[in-house]
>>> print(open('start_34.txt').read())   # compact mmCIF, C-alpha atoms and all ligand atoms
# COMPACT_ATOMS: atom_id res chain seq x y z
CA MET A 1 -17.09 -24.84 1.59
CA SER A 2 -18.31 -21.54 3.14
CA ASN A 3 -21.50 -19.91 1.92
CA TYR A 4 -19.44 -17.09 0.45
CA VAL A 5 -17.21 -19.47 -1.50
CA GLU A 6 -20.30 -21.18 -2.86
CA LEU A 7 -21.94 -17.88 -3.79
CA PHE A 8 -18.70 -16.76 -5.43
CA HIS A 9 -18.59 -19.92 -7.59
CA ARG A 10 -22.22 -19.51 -8.66
CA LEU A 11 -21.82 -15.84 -9.59
CA ASP A 12 -18.49 -16.50 -11.24
CA ALA A 13 -19.93 -19.24 -13.45
CA LEU A 14 -22.78 -16.96 -14.60
CA LEU A 15 -20.53 -13.95 -15.18
CA VAL A 16 -18.14 -16.06 -17.24
CA LYS A 17 -20.92 -17.74 -19.21
CA ASN A 18 -22.60 -14.42 -20.04
CA ARG A 19 -19.46 -12.41 -20.73
CA GLN A 20 -20.72 -11.38 -24.15
CA PHE A 21 -23.49 -9.37 -22.52
CA TRP A 22 -21.31 -7.18 -20.28
CA GLN A 23 -17.57 -7.51 -20.86
CA PHE A 24 -17.05 -5.01 -23.66
CA MET A 25 -16.97 -1.25 -24.17
CA PRO A 26 -20.29 -0.11 -25.66
CA PHE A 27 -18.92 3.29 -26.74
CA ALA A 28 -16.12 1.62 -28.71
CA GLU A 29 -18.54 -0.48 -30.79
CA ARG A 30 -20.00 0.76 -34.07
CA GLY A 31 -23.27 -1.07 -33.55
CA TYR A 32 -24.74 -3.83 -31.44
CA VAL A 33 -22.11 -6.37 -30.36
CA TRP A 34 -24.86 -8.97 -30.58
CA HIS A 35 -25.66 -8.15 -34.21
CA GLN A 36 -25.82 -11.86 -35.00
CA ASN A 37 -28.78 -12.10 -32.63
CA LEU A 38 -31.01 -9.94 -34.79
CA PRO A 39 -34.29 -10.44 -32.85
CA PHE A 40 -32.56 -9.28 -29.64
CA CYS A 41 -31.20 -6.14 -31.35
CA GLN A 42 -34.59 -5.48 -32.93
CA TRP A 43 -36.26 -5.81 -29.55
CA LEU A 44 -33.73 -3.42 -27.97
CA MET A 45 -34.54 -0.84 -30.63
CA THR A 46 -38.22 -1.03 -29.64
CA VAL A 47 -37.34 0.07 -26.10
CA ASP A 48 -38.14 3.77 -26.13
CA ASP A 49 -36.42 6.37 -23.99
CA SER A 50 -39.01 6.41 -21.21
CA GLN A 51 -38.99 2.59 -20.99
CA LEU A 52 -35.22 2.69 -20.97
CA GLN A 53 -35.31 4.94 -17.91
CA LEU A 54 -37.89 2.73 -16.17
CA LEU A 55 -35.84 -0.39 -16.81
CA SER A 56 -32.59 1.19 -15.64
CA ASP A 57 -34.26 2.34 -12.42
CA ASP A 58 -35.70 -1.04 -11.50
CA ILE A 59 -33.57 -4.18 -11.58
CA ASN A 60 -36.58 -6.51 -11.24
CA ARG A 61 -38.27 -4.93 -14.24
CA LEU A 62 -35.01 -5.11 -16.20
CA THR A 63 -34.52 -8.74 -15.24
CA ALA A 64 -38.04 -9.65 -16.40
CA ALA A 65 -37.53 -7.78 -19.69
CA LEU A 66 -34.22 -9.53 -20.39
CA MET A 67 -35.31 -13.04 -19.41
CA PRO A 68 -36.40 -14.00 -22.95
CA TRP A 69 -32.94 -13.04 -24.23
CA ILE A 70 -30.60 -13.93 -21.36
CA GLU A 71 -31.55 -17.26 -19.85
CA ASP A 72 -29.61 -16.66 -16.62
CA ALA A 73 -31.08 -13.20 -15.97
CA GLN A 74 -33.39 -14.28 -13.17
CA GLN A 75 -30.82 -16.48 -11.48
CA LEU A 76 -28.26 -13.67 -11.51
CA THR A 77 -30.60 -11.20 -9.88
CA GLN A 78 -31.78 -13.79 -7.38
CA LEU A 79 -28.21 -14.52 -6.32
CA THR A 80 -27.62 -10.87 -5.48
CA THR A 81 -30.46 -11.04 -2.94
CA GLN A 82 -28.31 -13.39 -0.84
CA ILE A 83 -26.54 -10.24 0.33
CA GLN A 84 -28.98 -8.69 2.77
CA PRO A 85 -29.16 -5.49 4.83
CA LEU A 86 -27.12 -5.71 8.04
CA ALA A 87 -28.93 -5.33 11.38
CA ARG A 88 -28.68 -1.83 12.80
CA THR A 89 -28.43 -0.88 16.47
CA GLU A 90 -29.42 2.69 17.21
CA ARG A 91 -26.49 4.67 18.61
CA SER A 92 -27.17 8.24 19.53
CA VAL A 93 -24.63 10.92 18.76
CA PRO A 94 -24.69 14.30 20.55
CA GLN A 95 -26.14 17.26 18.69
CA GLY A 96 -23.75 19.31 16.63
CA PHE A 97 -21.52 16.39 15.62
CA ASP A 98 -22.81 16.66 12.08
CA SER A 99 -21.61 20.24 11.79
CA GLY A 100 -19.80 20.75 8.47
CA ILE A 101 -20.53 17.21 7.26
CA PRO A 102 -22.55 16.95 4.03
CA GLY A 103 -26.02 15.44 4.65
CA ARG A 104 -25.63 12.18 2.74
CA LYS A 105 -22.14 11.60 4.11
CA TRP A 106 -23.55 12.03 7.61
CA GLN A 107 -26.28 9.45 6.93
CA GLN A 108 -23.65 7.02 5.60
CA ILE A 109 -21.54 7.46 8.71
CA ILE A 110 -24.44 6.97 11.10
CA ALA A 111 -25.50 3.84 9.21
CA PHE A 112 -21.93 2.49 9.06
CA ASN A 113 -21.51 3.01 12.81
CA GLU A 114 -24.85 1.37 13.59
CA VAL A 115 -24.04 -1.91 11.86
CA LEU A 116 -20.63 -2.39 13.49
CA PRO A 117 -20.45 -4.86 16.36
CA LEU A 118 -19.24 -3.59 19.75
CA LEU A 119 -15.80 -5.05 20.24
CA GLY A 120 -14.40 -2.51 22.72
CA LEU A 121 -11.24 -2.04 20.65
CA PRO A 122 -9.34 1.11 19.65
CA TRP A 123 -10.13 2.20 16.08
CA LEU A 124 -8.01 2.76 13.00
CA GLU A 125 -9.72 4.87 10.33
CA TRP A 126 -8.02 4.21 6.98
CA CYS A 127 -8.08 6.98 4.32
CA ALA A 128 -9.98 9.09 6.77
CA GLY A 129 -10.46 12.36 4.91
CA LYS A 130 -11.32 14.84 7.68
CA GLY A 131 -12.12 11.92 9.96
CA TYR A 132 -15.90 12.36 9.93
CA LEU A 133 -16.45 8.68 10.69
CA GLY A 134 -13.71 8.75 13.34
CA ARG A 135 -15.56 11.49 15.25
CA VAL A 136 -18.69 9.38 15.46
CA LEU A 137 -16.74 6.25 16.43
CA ALA A 138 -14.82 8.17 19.12
CA ILE A 139 -17.94 9.55 20.77
CA SER A 140 -20.18 6.52 20.52
CA HIS A 141 -17.64 3.88 21.59
CA GLN A 142 -15.38 5.89 23.90
CA GLN A 143 -12.28 4.29 22.39
CA PRO A 144 -9.28 6.14 20.92
CA VAL A 145 -9.21 6.61 17.14
CA THR A 146 -6.21 6.80 14.83
CA SER A 147 -7.13 8.46 11.52
CA LEU A 148 -4.70 7.94 8.65
CA GLU A 149 -4.95 10.33 5.70
CA TRP A 150 -2.72 11.37 2.83
CA GLN A 151 -3.81 14.97 2.30
CA GLN A 152 -2.20 17.19 4.90
CA GLN A 153 -4.93 19.84 4.87
CA LEU A 154 -7.59 17.23 5.63
CA CYS A 155 -5.49 16.05 8.60
CA ILE A 156 -5.18 19.64 9.86
CA ASP A 157 -8.92 20.29 9.51
CA GLY A 158 -9.76 16.95 11.09
CA GLU A 159 -7.41 17.52 14.03
CA GLN A 160 -8.94 20.92 14.66
CA ALA A 161 -12.49 19.56 14.66
CA ALA A 162 -11.50 16.69 16.99
CA LYS A 163 -9.91 19.16 19.40
CA GLN A 164 -13.02 21.34 19.44
CA LEU A 165 -15.19 18.32 20.15
CA LYS A 166 -12.69 17.11 22.78
CA LEU A 167 -12.30 13.72 21.10
CA ASN A 168 -9.43 11.27 21.45
CA ILE A 169 -8.44 11.19 17.76
CA ASN A 170 -4.87 11.08 16.55
CA PHE A 171 -4.30 11.97 12.90
CA VAL A 172 -1.46 10.29 11.04
CA HIS A 173 -0.47 12.10 7.88
CA ALA A 174 0.78 9.24 5.69
CA ASP A 175 0.53 7.46 2.38
CA ALA A 176 -1.51 4.33 2.98
CA PHE A 177 0.73 2.44 0.54
CA SER A 178 3.98 3.34 2.29
CA ALA A 179 5.78 0.83 4.49
CA ASP A 180 5.53 3.32 7.38
CA SER A 181 1.75 3.10 7.41
CA ASP A 182 2.16 -0.44 8.68
CA ASN A 183 3.04 1.06 12.06
CA ALA A 184 -0.54 2.32 12.36
CA ILE A 185 -1.94 -1.21 12.07
CA LEU A 186 -2.06 -3.06 15.38
CA ALA A 187 -3.29 -6.48 16.43
CA ASN A 188 -5.53 -5.10 19.16
CA GLN A 189 -7.56 -2.82 16.94
CA HIS A 190 -10.68 -2.50 14.81
CA ALA A 191 -9.72 -1.05 11.42
CA VAL A 192 -12.37 0.68 9.32
CA ALA A 193 -12.45 2.22 5.86
CA LEU A 194 -15.50 4.02 4.55
CA HIS A 195 -15.28 4.33 0.79
CA ALA A 196 -11.55 3.83 0.45
CA CYS A 197 -10.81 3.33 -3.24
CA GLY A 198 -9.66 0.13 -4.99
CA ASP A 199 -6.14 -0.80 -3.98
CA LEU A 200 -6.34 1.37 -0.85
CA HIS A 201 -8.87 -0.86 0.87
CA VAL A 202 -7.29 -4.02 -0.56
CA SER A 203 -3.94 -3.00 0.89
CA LEU A 204 -5.66 -2.38 4.26
CA LEU A 205 -7.06 -5.91 4.26
CA GLN A 206 -3.68 -7.40 3.37
CA ARG A 207 -1.94 -5.41 6.10
CA VAL A 208 -4.57 -6.20 8.74
CA VAL A 209 -4.10 -9.88 7.96
CA ALA A 210 -0.30 -9.57 8.06
CA ASN A 211 -0.47 -7.77 11.42
CA LYS A 212 -3.10 -10.18 12.79
CA GLY A 213 -5.55 -7.32 13.32
CA ALA A 214 -8.51 -8.28 15.49
CA ALA A 215 -11.21 -6.82 13.24
CA VAL A 216 -11.72 -4.88 10.04
CA SER A 217 -14.81 -3.35 8.40
CA ILE A 218 -14.75 -1.77 4.97
CA SER A 219 -17.20 -0.40 2.45
CA PRO A 220 -15.36 -0.66 -0.87
CA CYS A 221 -15.63 1.85 -3.68
CA CYS A 222 -13.91 2.79 -6.97
CA TYR A 223 -12.84 -0.76 -7.79
CA HIS A 224 -11.12 0.52 -10.94
CA LEU A 225 -8.57 2.60 -9.02
CA ILE A 226 -5.86 -0.03 -9.08
CA ARG A 227 -2.15 0.17 -9.86
CA GLN A 228 -2.04 -2.82 -12.22
CA PRO A 229 -3.68 -2.73 -15.66
CA HIS A 230 -5.97 -5.63 -14.66
CA TYR A 231 -7.72 -6.69 -11.48
CA GLN A 232 -5.59 -8.88 -9.23
CA PRO A 233 -7.80 -11.23 -7.17
CA ILE A 234 -6.66 -11.66 -3.57
CA SER A 235 -8.47 -14.83 -2.49
CA ALA A 236 -7.38 -18.31 -3.50
CA VAL A 237 -10.90 -18.97 -4.76
CA ALA A 238 -11.03 -15.88 -7.04
CA LYS A 239 -7.56 -16.66 -8.35
CA THR A 240 -9.06 -19.80 -9.93
CA SER A 241 -11.59 -17.72 -11.92
CA THR A 242 -11.04 -17.30 -15.64
CA LEU A 243 -12.37 -13.73 -15.51
CA VAL A 244 -9.79 -11.11 -16.41
CA LEU A 245 -11.16 -7.72 -15.42
CA SER A 246 -9.97 -4.53 -17.08
CA LYS A 247 -10.35 -1.10 -15.49
CA HIS A 248 -13.31 -0.53 -17.76
CA ASP A 249 -14.96 -3.72 -16.46
CA LEU A 250 -14.25 -2.58 -12.90
CA ARG A 251 -16.17 0.63 -13.52
CA LEU A 252 -19.36 -1.31 -14.18
CA PRO A 253 -20.30 -1.62 -10.47
CA LEU A 254 -20.15 2.18 -10.22
CA GLN A 255 -22.39 2.79 -13.22
CA GLU A 256 -25.58 3.37 -11.31
CA THR A 257 -28.03 5.10 -13.58
CA VAL A 258 -29.31 8.17 -11.85
CA THR A 259 -32.67 9.54 -12.79
CA ALA A 260 -31.64 12.84 -14.28
CA GLY A 261 -33.83 15.79 -15.17
CA ASN A 262 -34.64 16.64 -18.78
CA ARG A 263 -31.96 19.32 -19.05
CA VAL A 264 -29.20 17.03 -17.81
CA ARG A 265 -30.43 14.22 -20.05
CA GLN A 266 -30.43 16.53 -23.07
CA LEU A 267 -26.90 17.76 -22.32
CA ARG A 268 -25.70 14.19 -22.01
CA PHE A 269 -27.34 13.27 -25.30
CA VAL A 270 -25.65 16.18 -27.08
CA GLU A 271 -22.21 15.52 -25.64
CA ILE A 272 -22.16 11.77 -26.14
CA SER A 273 -23.71 11.81 -29.59
CA PHE A 274 -21.16 14.48 -30.63
CA ARG A 275 -18.33 12.30 -29.32
CA LEU A 276 -19.67 9.20 -31.06
CA GLY A 277 -20.24 11.11 -34.30
CA PHE A 278 -16.74 12.57 -34.21
CA ASP A 279 -15.35 9.10 -33.53
CA LEU A 280 -17.04 7.73 -36.67
CA LEU A 281 -15.64 10.62 -38.68
CA GLN A 282 -12.09 10.09 -37.40
CA ARG A 283 -12.38 6.35 -38.12
CA GLU A 284 -13.22 7.22 -41.70
CA LEU A 285 -10.41 9.80 -42.01
CA ASN A 286 -7.80 7.68 -40.25
CA GLN A 287 -8.98 4.41 -41.86
CA THR A 288 -9.15 2.74 -38.48
CA GLU A 289 -11.64 0.77 -36.41
CA SER A 290 -10.24 2.00 -33.08
CA TYR A 291 -12.14 4.32 -30.77
CA LEU A 292 -10.36 7.64 -30.20
CA SER A 293 -11.01 9.21 -26.84
CA VAL A 294 -11.25 12.98 -26.71
CA PRO A 295 -10.54 15.01 -23.52
CA ASN A 296 -13.16 16.68 -21.33
CA VAL A 297 -14.92 19.51 -23.06
CA GLN A 298 -16.13 22.90 -21.80
CA LYS A 299 -19.91 22.55 -21.83
CA ALA A 300 -20.23 25.96 -23.54
CA LEU A 301 -18.57 24.54 -26.66
CA LEU A 302 -21.41 22.05 -27.07
CA THR A 303 -23.86 24.90 -27.62
CA GLN A 304 -21.86 25.93 -30.72
CA GLY A 305 -22.94 22.79 -32.55
CA PHE A 306 -21.43 19.59 -33.90
CA GLU A 307 -19.12 21.19 -36.46
CA ALA A 308 -17.47 23.40 -33.81
CA PHE A 309 -17.09 20.34 -31.59
CA CYS A 310 -15.39 18.40 -34.40
CA GLN A 311 -13.02 21.31 -35.14
CA TRP A 312 -12.07 21.46 -31.47
CA ALA A 313 -11.71 17.66 -31.09
CA ALA A 314 -9.66 17.42 -34.32
CA SER A 315 -7.27 20.14 -33.13
CA LYS A 316 -6.87 18.36 -29.76
CA LYS A 317 -6.01 15.15 -31.57
CA GLY A 318 -3.86 16.67 -34.33
CA ILE A 319 -6.27 15.61 -37.10
CA ASP A 320 -6.66 17.72 -40.27
CA LEU A 321 -10.31 18.00 -41.26
CA PRO A 322 -10.87 18.29 -45.05
CA ASN A 323 -13.28 20.98 -46.29
CA ASN A 324 -15.96 18.73 -47.74
CA ILE A 325 -17.24 17.06 -44.58
CA ASP A 326 -20.97 16.41 -44.35
CA PHE A 327 -21.25 17.27 -40.66
CA GLU A 328 -25.01 16.76 -40.57
CA MET A 329 -24.62 13.18 -41.72
CA TRP A 330 -21.94 12.39 -39.10
CA GLN A 331 -24.02 14.06 -36.40
CA ARG A 332 -27.02 11.88 -37.32
CA GLN A 333 -24.83 8.78 -37.24
CA GLY A 334 -23.54 9.82 -33.82
CA GLU A 335 -27.12 10.14 -32.59
CA GLN A 336 -28.03 6.69 -33.89
CA ARG A 337 -24.94 5.26 -32.27
CA PHE A 338 -25.87 6.96 -28.99
CA ALA A 339 -29.23 5.15 -28.97
CA ILE A 340 -27.46 1.81 -29.52
CA THR A 341 -24.81 2.52 -26.88
CA GLU A 342 -27.50 3.38 -24.32
CA ARG A 343 -29.28 0.10 -24.95
CA MET A 344 -26.08 -1.90 -24.66
CA GLU A 345 -25.38 -0.12 -21.35
CA LEU A 346 -28.89 -1.07 -20.24
CA VAL A 347 -28.14 -4.75 -20.78
CA ARG A 348 -24.86 -4.39 -18.87
CA GLN A 349 -26.84 -3.05 -15.89
CA LEU A 350 -28.10 -6.58 -15.25
CA PHE A 351 -24.53 -7.57 -14.36
CA ARG A 352 -23.66 -4.49 -12.29
CA ARG A 353 -24.58 -5.78 -8.83
CA PRO A 354 -23.46 -9.38 -9.54
CA LEU A 355 -20.00 -8.09 -10.48
CA GLU A 356 -19.86 -5.83 -7.42
CA ILE A 357 -20.76 -8.77 -5.20
CA TRP A 358 -18.16 -10.94 -7.00
CA LEU A 359 -15.55 -8.32 -6.06
CA ALA A 360 -16.79 -8.09 -2.46
CA LEU A 361 -16.72 -11.89 -2.22
CA ASP A 362 -13.09 -11.95 -3.36
CA ARG A 363 -12.29 -9.75 -0.33
CA ALA A 364 -14.54 -11.79 1.99
CA CYS A 365 -13.12 -15.15 0.87
CA PHE A 366 -9.57 -13.82 1.29
CA LEU A 367 -10.37 -12.88 4.89
CA GLU A 368 -12.02 -16.26 5.54
CA GLU A 369 -8.98 -18.03 4.11
CA GLN A 370 -6.87 -16.05 6.61
CA GLY A 371 -8.89 -17.24 9.60
CA TYR A 372 -11.49 -14.50 9.95
CA ASN A 373 -15.23 -14.79 10.44
CA VAL A 374 -16.77 -12.62 7.77
CA VAL A 375 -20.12 -10.99 7.09
CA ILE A 376 -21.11 -9.05 3.98
CA GLY A 377 -24.27 -6.98 3.85
CA SER A 378 -25.59 -3.59 2.91
CA PHE A 379 -25.25 -0.92 5.57
CA CYS A 380 -27.71 1.61 4.14
CA ASP A 381 -30.25 2.09 1.39
CA LYS A 382 -29.11 2.91 -2.12
CA PRO A 383 -30.31 6.52 -2.23
CA ILE A 384 -27.91 7.27 0.67
CA THR A 385 -25.08 5.71 -1.29
CA PRO A 386 -25.12 3.10 -4.06
CA ARG A 387 -21.77 1.90 -2.65
CA ASN A 388 -23.58 0.37 0.26
CA LEU A 389 -21.80 -2.97 0.71
CA LEU A 390 -19.95 -3.50 3.95
CA ILE A 391 -17.54 -6.33 4.65
CA HIS A 392 -16.89 -7.01 8.32
CA ALA A 393 -14.30 -9.53 9.54
CA GLU A 394 -13.19 -10.62 12.98
CA ARG A 395 -10.36 -12.99 13.82
CA SER A 396 -11.93 -16.27 14.86
CA ASP A 397 -9.59 -16.43 17.88
CA ILE A 398 -10.39 -13.07 19.55
C1 LIG A 401 -13.35 8.70 -1.10
S1 LIG A 401 -12.45 9.54 0.14
C2 LIG A 401 -13.15 8.85 1.59
C3 LIG A 401 -12.89 9.68 2.80
C4 LIG A 401 -13.66 9.25 4.05
N1 LIG A 401 -13.35 7.92 4.44
C5 LIG A 401 -15.14 9.43 3.82
O1 LIG A 401 -15.85 8.49 3.56
O2 LIG A 401 -15.58 10.59 3.90
C6 LIG A 401 -10.89 8.75 0.03
C7 LIG A 401 -9.82 9.37 0.91
O3 LIG A 401 -8.62 8.61 0.71
C8 LIG A 401 -7.53 9.52 0.75
N2 LIG A 401 -6.37 8.90 0.10
C9 LIG A 401 -6.19 8.75 -1.24
N3 LIG A 401 -5.00 8.16 -1.46
C10 LIG A 401 -4.44 7.92 -0.25
C11 LIG A 401 -3.23 7.34 0.17
N4 LIG A 401 -2.36 6.86 -0.73
N5 LIG A 401 -2.97 7.25 1.49
C12 LIG A 401 -3.87 7.71 2.41
N6 LIG A 401 -5.05 8.28 2.07
C13 LIG A 401 -5.33 8.39 0.75
C14 LIG A 401 -8.06 10.73 0.02
O4 LIG A 401 -7.26 11.87 0.30
C15 LIG A 401 -9.49 10.81 0.56
O5 LIG A 401 -9.54 11.59 1.73
>>> encode(input="start_34.txt", output="structure tokens", more="lines below")
Ligand SMILES: C[S@@+](CC[C@H](N)C(=O)[O-])C[C@H]1O[C@@H](n2cnc3c(N)ncnc32)[C@H](O)[C@@H]1O
Amino acid sequence: MSNYVELFHRLDALLVKNRQFWQFMPFAERGYVWHQNLPFCQWLMTVDDSQLQLLSDDINRLTAALMPWIEDAQQLTQLTTQIQPLARTERSVPQGFDSGIPGRKWQQIIAFNEVLPLLGLPWLEWCAGKGYLGRVLAISHQQPVTSLEWQQQLCIDGEQAAKQLKLNINFVHADAFSADSDNAILANQHAVALHACGDLHVSLLQRVVANKGAAVSISPCCYHLIRQPHYQPISAVAKTSTLVLSKHDLRLPLQETVTAGNRVRQLRFVEISFRLGFDLLQRELNQTESYLSVPNVQKALLTQGFEAFCQWAASKKGIDLPNNIDFEMWQRQGEQRFAITERMELVRQLFRRPLEIWLALDRACFLEEQGYNVVIGSFCDKPITPRNLLIHAERSDI
């Protein structure tokens, strides 16, 4: 059994066993889902807002705080440390190559390039955008690059930049899911995808395998952007798991709490508590226990108060509001529900990285099963991008 298969089994067992702590939608619940565990709920209510922020920002602190309530907390966090930073080799890039590339994106690209092994193969850049990564690969490895992208304007802009920089980059304007895109995938090639969403990077892996591609390196993102209603594991080992992941579950790895300023925090509090308050009101009016989602709102409307928000939301949803509504009471209830939702989200944070690694391991195990040597690691620090996992695979016979 490979190390990755073993790690997958260990994470899988803990994720399955502790499902009740993460596999639910906090905003759809009226109160704590663990209401039968009263001491746990009481403890959560003692966590004040500043502690909540501290715990969300520091997984070790959160793990220690949850250990009395979740017996596997420490083991879960420890398992995630098996995925380590990848070794970087400094590769200089001529001045001016970063022109027009946003700062953090540039840092991601440099880091991505510096952890890739030198295989001396032509490159395929999957879902390339303007081909920022392709430019760096072309100059630092002196190998031709094919950049496949769906949006025509990005291809045009990318082509122009490559021409100016005198780089050997060929843009292919294509839908990565189309059968034609297969023509871009060759055996003698190193395919890369930086932050290609859900099914887009999965389909790359499947096609590389089918075309016996020599090497592939991806940093996955947006796991929830899939065409099926539920996650479809690709490895034989993940297919044996009893976990059934909804799109909501698949968003968990992306729910990094960012330390926001007071103003942003206050705006978030107003919007979410209004939504939760309106949801309680509509449950009462419609005699239902189902959450009703309301579309995006113009932020200016929030300054007009809860009643105006409810009038707007009701009109969007075709609900008649009677005249005798005690808006203040529903607003207060929304605020209380917000505090509970935040604390349930805090608990779910413990499972964020384990679930992300579970998903990365599904990809890694699939590639191992298909005869590739695989490495997973982080290619940069979290502040540069929280989506910092990179999966690299090479055919064992190259
Ligand atoms: C998150 S961006 C990443 C772009 C680039 N790799 C980067 O890191 O800057 C995802 C890219 O995938 C492209 N894309 C989305 N759907 C696609 C499809 N079906 N076929 C090809 N490209 C697609 C988008 O247009 C976008 O440029």
>>> closest_residue(input="start_34.txt", among="A:Trp69, A:Leu194, A:Ser315, A:Gln84", to="Asn113 of chain A", atoms="all atoms listed in the file")
A:Leu194
>>> axis_aligned_box(input="start_34.txt", around="segment 369-384 of chain A", padding_each_side="3 Å", output="lines of an AutoDock Vina configuration file")
center_x = -18.6
center_y = -5.4
center_z = 4.1
size_x = 29.4
size_y = 31.3
size_z = 18.7
>>> atom_distance(input="start_34.txt", atom1="atom CA of Thr80 of chain A", atom2="atom CA of Pro253 of chain A")
12.8 Å
>>> closest_residue(input="start_34.txt", among="A:Gly100, A:Pro383, A:Gly334, A:Pro354", to="Ala73 of chain A", atoms="only C-alpha atoms")
A:Pro354
>>> residues_near_point(input="start_34.txt", point="(-19.3, -7.6, -24.5)", cutoff="12 Å", atoms="only C-alpha atoms", output="count of residues only")
28
>>> residues_around(input="start_34.txt", residues="segment 57-62 of chain A", least_positions_apart="3", cutoff="10 Å", atoms="only C-alpha atoms", output="list of chain:residue names")
A:Gln51, A:Leu52, A:Gln53, A:Leu54, A:Ala65, A:Leu66, A:Met67, A:Ala73, A:Gln74, A:Thr77, A:Gln78, A:Glu256, A:Thr257, A:Val258, A:Thr259, A:Leu346, A:Val347, A:Gln349, A:Leu350, A:Arg352, A:Arg353
>>> closest_residue(input="start_34.txt", among="A:Ala193, A:Ile156, A:Leu86, A:Leu79", to="ligand LIG 401 (chain A)", atoms="only C-alpha atoms and all ligand atoms")
A:Ala193
